[in-house]
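Shown next: structure05.txt, given as compact mmCIF, C-alpha atoms.
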# COMPACT_ATOMS: atom_id res chain seq x y z
CA MET A 1 22.52 5.29 -0.92
CA ARG A 2 21.11 4.43 2.51
CA LEU A 3 17.77 5.94 1.51
CA VAL A 4 17.78 3.78 -1.64
CA ALA A 5 18.72 0.74 0.46
CA LEU A 6 15.79 1.43 2.78
CA GLN A 7 13.39 1.50 -0.16
CA LEU A 8 14.81 -1.82 -1.38
CA PHE A 9 14.88 -3.75 1.90
CA SER A 10 11.60 -2.50 3.39
CA THR A 11 9.60 -3.70 0.39
CA ALA A 12 11.81 -6.77 -0.07
CA GLY A 13 10.56 -8.04 3.29
CA LEU A 14 7.01 -7.46 2.14
CA GLY A 15 7.69 -9.07 -1.24
CA MET A 16 9.04 -12.18 0.44
CA VAL A 17 6.05 -12.58 2.76
CA TYR A 18 2.93 -11.03 1.25
CA PRO A 19 2.36 -13.32 -1.79
CA TYR A 20 2.34 -16.40 0.44
CA ILE A 21 0.33 -15.32 3.49
CA ASN A 22 -3.18 -15.97 2.16
CA LEU A 23 -1.99 -19.11 0.40
CA TYR A 24 -0.60 -20.28 3.74
CA LEU A 25 -3.86 -19.45 5.50
CA THR A 26 -5.80 -21.35 2.85
CA GLU A 27 -3.53 -24.38 3.25
CA ILE A 28 -4.04 -24.56 7.03
CA GLY A 29 -7.82 -24.41 6.63
CA PHE A 30 -8.86 -20.72 6.58
CA SER A 31 -11.81 -19.99 4.25
CA GLY A 32 -12.06 -16.98 1.98
CA THR A 33 -14.79 -15.56 4.23
CA LEU A 34 -12.56 -15.93 7.29
CA ILE A 35 -9.62 -14.32 5.48
CA GLY A 36 -11.85 -11.37 4.60
CA THR A 37 -13.12 -11.19 8.18
CA LEU A 38 -9.55 -11.10 9.51
CA ALA A 39 -8.82 -8.27 7.08
CA SER A 40 -11.77 -6.41 8.59
CA ALA A 41 -10.58 -7.13 12.13
CA GLY A 42 -7.11 -5.89 11.23
CA ALA A 43 -8.73 -2.77 9.84
CA ILE A 44 -10.38 -2.16 13.23
CA LEU A 45 -6.99 -2.25 14.95
CA THR A 46 -5.50 -0.02 12.28
CA LEU A 47 -8.33 2.48 12.64
CA ALA A 48 -7.99 2.54 16.40
CA LEU A 49 -4.21 2.80 16.70
CA THR A 50 -2.68 4.33 13.55
CA PRO A 51 -4.21 7.85 13.79
CA MET A 52 -3.27 8.02 17.47
CA LEU A 53 0.31 6.86 16.86
CA ASN A 54 0.80 9.23 13.91
CA GLN A 55 -0.62 12.16 15.85
CA ILE A 56 1.78 11.45 18.71
CA ALA A 57 4.63 11.23 16.19
CA ASP A 58 3.56 14.57 14.64
CA ARG A 59 3.51 16.31 18.01
CA LEU A 60 6.69 14.80 19.45
CA LEU A 61 8.54 14.46 16.12
CA MET A 62 9.11 10.74 16.73
CA HIS A 63 8.43 9.60 13.19
CA ARG A 64 11.63 7.60 12.91
CA TRP A 65 10.92 5.64 16.07
CA LEU A 66 7.38 4.91 14.93
CA LEU A 67 8.68 3.62 11.59
CA MET A 68 11.14 1.34 13.40
CA PHE A 69 8.28 0.05 15.56
CA TYR A 70 6.26 -0.82 12.46
CA TYR A 71 9.15 -2.70 10.83
CA GLY A 72 9.78 -4.60 14.07
CA GLY A 73 6.11 -5.57 14.33
CA PHE A 74 6.13 -6.86 10.76
CA ALA A 75 9.22 -8.97 11.54
CA LEU A 76 7.50 -10.44 14.61
CA ALA A 77 4.41 -11.38 12.58
CA ALA A 78 6.61 -13.11 9.98
CA VAL A 79 8.40 -15.07 12.72
CA ILE A 80 5.06 -16.32 14.06
CA PHE A 81 4.00 -17.42 10.57
CA ALA A 82 7.31 -19.25 10.20
CA THR A 83 7.25 -21.09 13.52
CA SER A 84 3.62 -21.82 14.40
CA GLN A 85 0.40 -23.22 12.96
CA GLN A 86 -1.53 -22.75 16.20
CA TYR A 87 -4.90 -21.29 15.23
CA TRP A 88 -5.13 -18.30 17.57
CA LEU A 89 -1.44 -17.46 17.31
CA VAL A 90 -1.70 -17.34 13.52
CA ILE A 91 -4.73 -15.06 13.83
CA LEU A 92 -2.68 -12.79 16.12
CA ALA A 93 0.10 -12.70 13.51
CA VAL A 94 -2.40 -11.81 10.76
CA LEU A 95 -3.72 -8.90 12.83
CA LEU A 96 -0.19 -7.70 13.64
CA PHE A 97 0.71 -7.95 9.96
CA ARG A 98 -2.34 -5.87 9.01
CA LEU A 99 -1.56 -3.31 11.71
CA THR A 100 2.04 -2.72 10.59
CA THR A 101 2.16 -3.18 6.81
CA GLY A 102 0.05 -0.28 5.51
CA PRO A 103 1.15 2.26 8.15
CA SER A 104 4.85 1.45 7.62
CA MET A 105 4.57 1.93 3.85
CA THR A 106 2.68 5.21 4.28
CA LEU A 107 4.97 6.65 6.93
CA GLY A 108 8.10 5.50 5.09
CA ALA A 109 6.93 7.15 1.87
CA GLN A 110 6.08 10.42 3.64
CA LEU A 111 9.43 10.52 5.46
CA THR A 112 11.21 9.83 2.17
CA LEU A 113 9.29 12.64 0.44
CA SER A 114 10.06 15.07 3.29
CA GLN A 115 13.74 14.08 3.27
CA LEU A 116 13.97 14.74 -0.48
CA LEU A 117 12.19 18.10 -0.23
CA ARG A 118 14.54 19.19 2.56
CA SER A 119 17.47 18.51 0.23
CA GLY A 120 15.77 20.21 -2.73
CA LYS A 121 15.40 17.02 -4.79
CA THR A 122 12.29 16.14 -6.80
CA ILE A 123 13.04 12.46 -7.34
CA PHE A 124 10.30 10.89 -5.25
CA GLY A 125 9.20 8.69 -8.13
CA GLN A 126 12.73 7.45 -8.68
CA MET A 127 13.03 6.58 -5.00
CA ARG A 128 9.70 4.73 -5.04
CA SER A 129 10.87 2.85 -8.13
CA PHE A 130 13.46 1.16 -5.92
CA SER A 131 10.61 0.07 -3.65
CA ALA A 132 9.02 -1.69 -6.62
CA LEU A 133 12.41 -3.17 -7.51
CA GLY A 134 12.93 -4.47 -3.96
CA PHE A 135 9.51 -6.10 -3.94
CA ALA A 136 10.13 -7.62 -7.38
CA CYS A 137 13.56 -9.05 -6.53
CA ALA A 138 12.38 -10.52 -3.24
CA SER A 139 9.25 -12.01 -4.79
CA ALA A 140 11.32 -13.61 -7.58
CA LEU A 141 13.70 -15.03 -4.98
CA ALA A 142 10.78 -16.15 -2.81
CA GLY A 143 9.91 -18.91 -5.26
CA SER A 144 13.34 -20.48 -4.86
CA VAL A 145 13.27 -19.95 -1.10
CA PHE A 146 9.85 -21.59 -0.93
CA ALA A 147 11.03 -24.55 -3.00
CA LEU A 148 14.00 -24.92 -0.65
CA GLY A 149 12.30 -24.56 2.73
CA GLY A 150 8.57 -24.06 2.30
CA TYR A 151 6.54 -21.43 4.12
CA SER A 152 8.76 -21.51 7.20
CA LEU A 153 11.98 -20.44 5.45
CA THR A 154 10.15 -17.91 3.26
CA PHE A 155 8.64 -16.10 6.24
CA THR A 156 11.94 -16.26 8.16
CA VAL A 157 13.82 -14.52 5.35
CA GLY A 158 11.08 -11.88 5.23
CA ALA A 159 11.55 -11.23 8.95
CA ILE A 160 15.32 -10.81 8.50
CA LEU A 161 14.83 -8.29 5.68
CA SER A 162 12.43 -6.31 7.84
CA LEU A 163 14.90 -6.24 10.73
CA ILE A 164 17.53 -4.85 8.35
CA SER A 165 15.03 -2.11 7.50
CA VAL A 166 14.85 -1.18 11.19
CA GLN A 167 18.55 -0.33 11.10
CA LEU A 168 18.38 1.46 7.74
CA SER A 169 15.54 3.70 8.95
CA THR A 170 18.09 5.60 11.05
CA ILE A 171 18.74 7.57 7.83
CA PHE A 172 15.85 9.79 8.95
CA PRO A 173 16.60 12.38 11.64
CA ALA A 174 15.45 11.46 15.14
CA LYS A 175 14.19 15.01 15.67
CA PRO A 176 13.71 17.16 12.53
CA LYS A 177 14.94 20.72 13.01
CA GLU A 178 12.04 22.54 11.36
CA LYS A 179 9.50 22.09 14.17
CA ALA A 180 9.38 25.78 15.08
CA LYS A 181 9.07 26.81 11.44
CA ALA A 182 6.26 24.36 10.79
CA GLU A 183 4.27 25.52 13.82
CA ALA A 184 4.80 29.23 13.30
CA GLY A 185 1.91 31.44 12.22
CA PRO A 186 -1.84 31.14 12.58
CA LYS A 187 -3.63 27.87 11.99
CA ARG A 188 -4.81 27.37 8.46
CA ARG A 189 -8.25 26.15 7.58
CA ARG A 190 -8.11 22.54 6.40
CA HIS A 191 -8.07 22.27 2.62
CA LEU A 192 -11.35 20.85 1.32
CA GLY A 193 -9.41 18.63 -1.07
CA ILE A 194 -8.37 16.50 1.91
CA TYR A 195 -11.98 15.37 2.31
CA VAL A 196 -12.25 14.65 -1.41
CA LEU A 197 -9.11 12.51 -1.29
CA ALA A 198 -10.35 10.68 1.80
CA ALA A 199 -13.71 9.85 0.20
CA SER A 200 -12.04 8.77 -3.03
CA GLN A 201 -9.53 6.59 -1.21
CA PHE A 202 -12.35 4.78 0.58
CA PHE A 203 -13.58 3.31 -2.71
CA VAL A 204 -10.17 2.90 -4.35
CA ALA A 205 -8.88 0.98 -1.32
CA MET A 206 -12.04 -1.12 -1.35
CA CYS A 207 -10.89 -2.19 -4.81
CA THR A 208 -7.14 -2.51 -4.43
CA HIS A 209 -6.91 -4.12 -0.99
CA ASN A 210 -9.60 -6.73 -1.60
CA ALA A 211 -8.41 -7.45 -5.15
CA PHE A 212 -4.80 -7.93 -4.12
CA ALA A 213 -5.75 -10.04 -1.08
CA PHE A 214 -7.23 -12.71 -3.37
CA LEU A 215 -4.98 -12.24 -6.42
CA PHE A 216 -2.58 -15.08 -5.72
CA ILE A 217 -5.37 -17.38 -4.55
CA HIS A 218 -7.15 -16.66 -7.84
CA MET A 219 -3.98 -17.37 -9.82
CA SER A 220 -3.41 -20.63 -7.97
CA GLN A 221 -7.00 -21.91 -8.11
CA ASN A 222 -8.23 -20.59 -11.46
CA LEU A 223 -5.16 -19.97 -13.63
CA ASN A 224 -3.22 -23.10 -12.57
CA VAL A 225 -0.14 -21.24 -11.31
CA ALA A 226 1.95 -23.48 -9.06
CA ILE A 227 2.50 -22.18 -5.54
CA ALA A 228 6.27 -22.37 -6.06
CA HIS A 229 5.87 -19.96 -9.01
CA ILE A 230 3.69 -17.41 -7.19
CA GLY A 231 6.77 -15.42 -6.18
CA VAL A 232 7.81 -15.07 -9.82
CA TRP A 233 4.41 -13.65 -10.70
CA ALA A 234 4.54 -11.28 -7.75
CA ALA A 235 7.94 -10.16 -9.03
CA ILE A 236 6.52 -9.48 -12.51
CA LEU A 237 3.68 -7.49 -10.93
CA ALA A 238 6.17 -5.22 -9.17
CA LEU A 239 8.93 -5.19 -11.79
CA VAL A 240 6.72 -3.68 -14.50
CA GLU A 241 6.10 -0.75 -12.14
CA PHE A 242 9.81 0.11 -11.92
CA PRO A 243 10.25 2.05 -15.19
CA PHE A 244 6.94 3.86 -14.76
CA TYR A 245 7.82 4.94 -11.22
CA TYR A 246 11.16 6.18 -12.51
CA LEU A 247 9.63 8.17 -15.38
CA THR A 248 6.66 9.64 -13.50
CA ASP A 249 8.84 12.35 -11.93
CA ALA A 250 9.07 13.96 -15.37
CA LEU A 251 5.32 13.64 -15.96
CA LEU A 252 3.89 15.04 -12.73
CA PRO A 253 5.15 18.64 -13.12
CA ARG A 254 3.46 18.82 -16.55
CA VAL A 255 0.03 17.55 -15.52
CA ARG A 256 -2.18 18.63 -12.62
CA LEU A 257 -1.85 16.18 -9.78
CA ARG A 258 -5.59 15.63 -9.53
CA VAL A 259 -5.73 14.70 -13.24
CA THR A 260 -2.92 12.16 -12.88
CA TYR A 261 -4.60 10.80 -9.77
CA ALA A 262 -7.96 10.34 -11.53
CA LEU A 263 -6.39 8.75 -14.62
CA GLY A 264 -4.44 6.35 -12.43
CA ILE A 265 -7.64 5.27 -10.67
CA VAL A 266 -9.40 4.70 -14.00
CA GLY A 267 -6.51 2.49 -15.11
CA ILE A 268 -6.70 0.53 -11.86
CA ALA A 269 -10.47 0.05 -12.27
CA LEU A 270 -10.09 -1.31 -15.80
CA THR A 271 -7.19 -3.65 -15.06
CA THR A 272 -8.91 -4.96 -11.93
CA LEU A 273 -12.07 -5.71 -13.89
CA CYS A 274 -10.02 -7.65 -16.45
CA LEU A 275 -8.33 -9.75 -13.75
CA GLY A 276 -11.51 -11.74 -13.27
CA ILE A 277 -11.93 -12.61 -16.94
CA VAL A 278 -8.35 -12.96 -18.22
CA PRO A 279 -8.23 -16.42 -19.85
CA ASN A 280 -4.52 -17.25 -19.89
CA LEU A 281 -1.14 -16.34 -18.46
CA PRO A 282 0.32 -14.40 -21.47
CA LEU A 283 -2.64 -12.02 -21.32
CA LEU A 284 -2.16 -11.77 -17.55
CA VAL A 285 1.39 -10.50 -18.15
CA LEU A 286 0.02 -7.84 -20.52
CA LEU A 287 -2.55 -6.90 -17.90
CA PHE A 288 0.20 -6.53 -15.28
CA VAL A 289 2.05 -4.14 -17.61
CA CYS A 290 -1.08 -2.00 -17.98
CA ARG A 291 -1.49 -1.97 -14.22
CA GLY A 292 2.21 -1.07 -13.88
CA LEU A 293 1.47 2.13 -15.80
CA ALA A 294 -1.62 3.06 -13.76
CA TRP A 295 -0.40 2.27 -10.25
CA PRO A 296 2.62 4.67 -10.03
CA ALA A 297 0.53 7.50 -11.52
CA TYR A 298 -2.15 6.92 -8.89
CA GLN A 299 0.11 6.40 -5.89
CA LEU A 300 2.71 9.12 -6.48
CA SER A 301 0.11 11.76 -7.31
CA CYS A 302 -1.87 10.84 -4.20
CA TYR A 303 1.14 11.26 -1.89
CA ARG A 304 2.25 14.51 -3.54
CA LEU A 305 -1.25 15.95 -3.71
CA MET A 306 -1.82 15.36 0.00
CA ASN A 307 1.63 16.75 0.80
CA GLU A 308 0.82 19.99 -1.07
CA ILE A 309 -2.60 20.63 0.45
CA SER A 310 -1.63 19.72 4.04
CA HIS A 311 -0.11 21.99 6.65
CA PRO A 312 3.42 20.76 7.56
CA ARG A 313 2.24 20.31 11.15
CA ASN A 314 -0.35 17.72 10.14
CA VAL A 315 1.04 16.12 7.00
CA ALA A 316 1.87 12.71 8.53
CA THR A 317 -1.55 12.57 10.20
CA ASN A 318 -3.33 13.53 6.97
CA GLN A 319 -1.35 10.96 4.99
CA ALA A 320 -2.34 8.33 7.54
CA ILE A 321 -6.01 9.31 7.19
CA VAL A 322 -5.92 8.89 3.42
CA GLN A 323 -3.52 5.96 3.10
CA VAL A 324 -4.39 3.98 6.25
CA THR A 325 -7.61 5.11 7.94
CA MET A 326 -9.86 5.21 4.88
CA PRO A 327 -8.57 1.86 3.55
CA GLY A 328 -9.08 0.48 7.06
CA ILE A 329 -12.71 1.62 7.09
CA ALA A 330 -13.20 0.18 3.61
CA LEU A 331 -11.82 -3.21 4.66
CA LEU A 332 -13.80 -3.15 7.90
CA LEU A 333 -17.07 -2.63 6.06
CA THR A 334 -16.43 -4.79 3.00
CA GLY A 335 -13.76 -7.42 3.77
CA SER A 336 -16.21 -10.15 4.73
CA LEU A 337 -18.61 -9.23 1.92
CA PHE A 338 -15.89 -9.37 -0.74
CA GLY A 339 -14.57 -12.65 0.68
CA TYR A 340 -18.10 -14.09 0.55
CA THR A 341 -18.43 -12.89 -3.06
CA TYR A 342 -15.24 -14.68 -4.05
CA ASP A 343 -16.29 -17.89 -2.29
CA HIS A 344 -19.84 -18.06 -3.68
CA PHE A 345 -19.88 -16.10 -6.98
CA GLY A 346 -16.38 -16.66 -8.33
CA ALA A 347 -13.48 -14.52 -9.44
CA GLY A 348 -15.35 -12.79 -12.29
CA ALA A 349 -18.02 -11.27 -10.04
CA PHE A 350 -15.46 -10.54 -7.33
CA TYR A 351 -13.14 -8.50 -9.58
CA ALA A 352 -16.07 -6.79 -11.30
CA LEU A 353 -17.19 -5.57 -7.87
CA CYS A 354 -13.66 -4.38 -7.10
CA GLY A 355 -13.43 -2.52 -10.42
CA LEU A 356 -16.78 -0.83 -9.80
CA ALA A 357 -15.55 0.43 -6.43
CA ALA A 358 -12.46 2.02 -8.03
CA ALA A 359 -14.61 3.63 -10.73
CA LEU A 360 -16.71 5.26 -8.01
CA GLY A 361 -13.47 6.58 -6.45
CA ALA A 362 -12.53 8.18 -9.78
CA CYS A 363 -15.95 9.83 -10.07
CA ILE A 364 -15.67 11.24 -6.56
CA VAL A 365 -12.29 12.86 -7.18
CA ILE A 366 -13.39 14.36 -10.52
CA VAL A 367 -16.64 15.81 -9.18
CA GLY A 368 -15.26 16.62 -5.74
CA PHE A 369 -12.37 18.78 -6.92
CA ARG A 370 -14.66 20.67 -9.26
CA LEU A 371 -16.84 21.55 -6.28
CA THR A 372 -13.88 22.49 -4.07
CA ASP A 373 -12.56 24.83 -6.78
CA ALA A 374 -15.69 26.91 -6.34
CA ARG A 375 -15.34 27.05 -2.54
CA GLN A 376 -11.60 27.02 -1.89
CA PRO A 377 -9.75 30.36 -2.12
CA ALA A 378 -7.98 30.73 -5.44
CA GLU A 379 -4.56 31.00 -3.88
CA GLN A 380 -4.95 27.55 -2.28
CA ALA A 381 -6.10 25.79 -5.45
CA LEU A 382 -3.51 23.55 -7.06
Written form, structure tokens:
Amino acid sequence: MRLVALQLFSTAGLGMVYPYINLYLTEIGFSGTLIGTLASAGAILTLALTPMLNQIADRLLMHRWLLMFYYGGFALAAVIFATSQQYWLVILAVLLFRLTTGPSMTLGAQLTLSQLLRSGKTIFGQMRSFSALGFACASALAGSVFALGGYSLTFTVGAILSLISVQLSTIFPAKPKEKAKAEAGPKRRRHLGIYVLAASQFFVAMCTHNAFAFLFIHMSQNLNVAIAHIGVWAAILALVEFPFYYLTDALLPRVRLRVTYALGIVGIALTTLCLGIVPNLPLLVLLFVCRGLAWPAYQLSCYRLMNEISHPRNVATNQAIVQVTMPGIALLLTGSLFGYTYDHFGAGAFYALCGLAAALGACIVIVGFRLTDARQPAEQAL
């Protein structure tokens, strides 16, 4: 129950804050280009610090403390958003938010997966479904919170939820007992599939991170969604994922992980492309449902695929490379460009560019794993 509660509260804090950050930045005078540039700057910090912190956690088995640090940093960023409009302080909060959000989600998911495997349970999808539920519930509530107290109260509640997550993260052991077992035996050659996943994630993250960064701005400016209703739409976006997360546990053992991963990316590419041309809100709901099917297939298969091809000694580091480092590089190189595209060419061109990036990620994983099958020893192939 505490593990379920952690899934709920950790994403609830994110669901309360994330839909309103870029809207808040836009309201206090930040341009789309500047928002994209800050995303790139946050990516630099993430690239510089996350691999180092995860490697230290791998060596010293301090994963729980690192996760608590991430949740605390997120809470601090939310407090700054709630209490200040000072230009440089807000920029600092944006960078802190970027530094802690992705790494906390990645590390929390990996620790959850490891905890379940230690207890012999294959319910990772069900656990992640509660993450979607937490995000959905908080986002739905965020609209009422925003109507009651504006940005300040919304960000304050997000900070409180994140601080609760700090306490709940004590469900993970401070020092896992299997260190000696994980480090025993000769070092294994790194699986070539890790490089395929990393290259694929570069393009998929180029799509998903940029597309989601401007989603609620697009809905507010082009689809006439009131800011007070943004939280409801964020809740719908997450809520439709819940049943698919819950059911994916039964699907993954029947289909090769790489196939599920590729199909999920294709679904993301198509739904992202349609975001820029969807004409009305009822069709947007249908589009969210289609994305709700593709996203759990993509995300769960990515985590499980990396977990299977990684040595236990390096699994947290490898997950950080794929889930944090490669997206960070993608944002660093393309954040300003995508922001400029949105500002000067409109939502249609912006989301078409995002969809193209995801399609390239799907091509890389399909071709890349075919090539690794020929080179990787048969006993290591999935």
Report the distance between CA of Val94 in chain A and CA of Leu356 in chain A in Å, rounded to one decimal place.
27.4 Å
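Taking all atoms listed in the file, the non-local environment of range 155-172 of chain A within 6 Å (same-chain residues fewer than 6 positions away omitted) comprises Leu6, Phe9, Ser10, Gly13, Met16, Val17, Met68, Tyr71, Ala75, Ala78, Val79 and Ala82 of chain A.
CA of His344 in chain A to CA of Thr33 in chain A spans 9.7 Å [interatomic distance, one decimal].
CA of Gly328 in chain A sits 8.8 Å away from CA of Ala39 in chain A.
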Select from range 318-362 of chain A every residue with an atom at most 12 Å from any atom of range 221-227 of chain A, then for each give the shortest pair of atoms and their distance in Å to one decimal, using only C-alpha atoms, rows by chain and rising number, as a tab-separated table.
residue	atom	partner	partner_atom	distance
A:Tyr342	CA	A:Gln221	CA	11.7
A:Asp343	CA	A:Gln221	CA	11.7
A:Gly346	CA	A:Asn222	CA	9.6
A:Ala347	CA	A:Asn222	CA	8.3
A:Gly348	CA	A:Asn222	CA	10.6
Hey, can you pull every residue with an atom no more than 12 Å from (-0.6, -21.2, 7.2), using only C-alpha atoms, and send it as a PyMOL selection string?
chain A and resi 17+20-31+35+78+80-91+93-94+150-152+154-155
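Counting all atoms listed in the file, Leu337 in chain A has the following residues at most 12 Å away, ignoring those fewer than 6 positions along the same chain: Gly32, Thr33, Leu34, Ile35, Gly36, Thr37, Leu38, Ala39, Ser40, Met206, Asn210, Ala330, Leu331, Asp343, His344, Phe345, Phe350, Leu353 and Cys354 of chain A.
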If you count all atoms listed in the file, which residues fall within 10 Å of Trp233 in chain A, apart from same-chain ones fewer than 3 positions away, as a VMD selection string?
chain A and resid 19 136 139 to 140 143 216 219 225 229 to 230 236 to 239 281 284 to 285 288
So that I can check the surroundings of Gln201 in chain A, please list as a list in words every protein, DNA and RNA residue that reaches within 7 Å of it, counting all atoms listed in the file and ignoring chain neighbours fewer than 6 positions away.
Val322, Met326, Pro327 and Gly361 of chain A
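Restricting the calculation to only C-alpha atoms, the smallest distance between Ala138 in chain A and any of A:Ala362, A:Met306, A:Leu275, A:Ala12 is found for A:Ala12.
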Might you pull out every residue within 12 Å of Leu287 in chain A, with all atoms listed in the file counted and same-chain residues fewer than 3 positions away left off, and present them as a VMD selection string?
chain A and resid 236 to 237 240 267 to 284 290 to 294
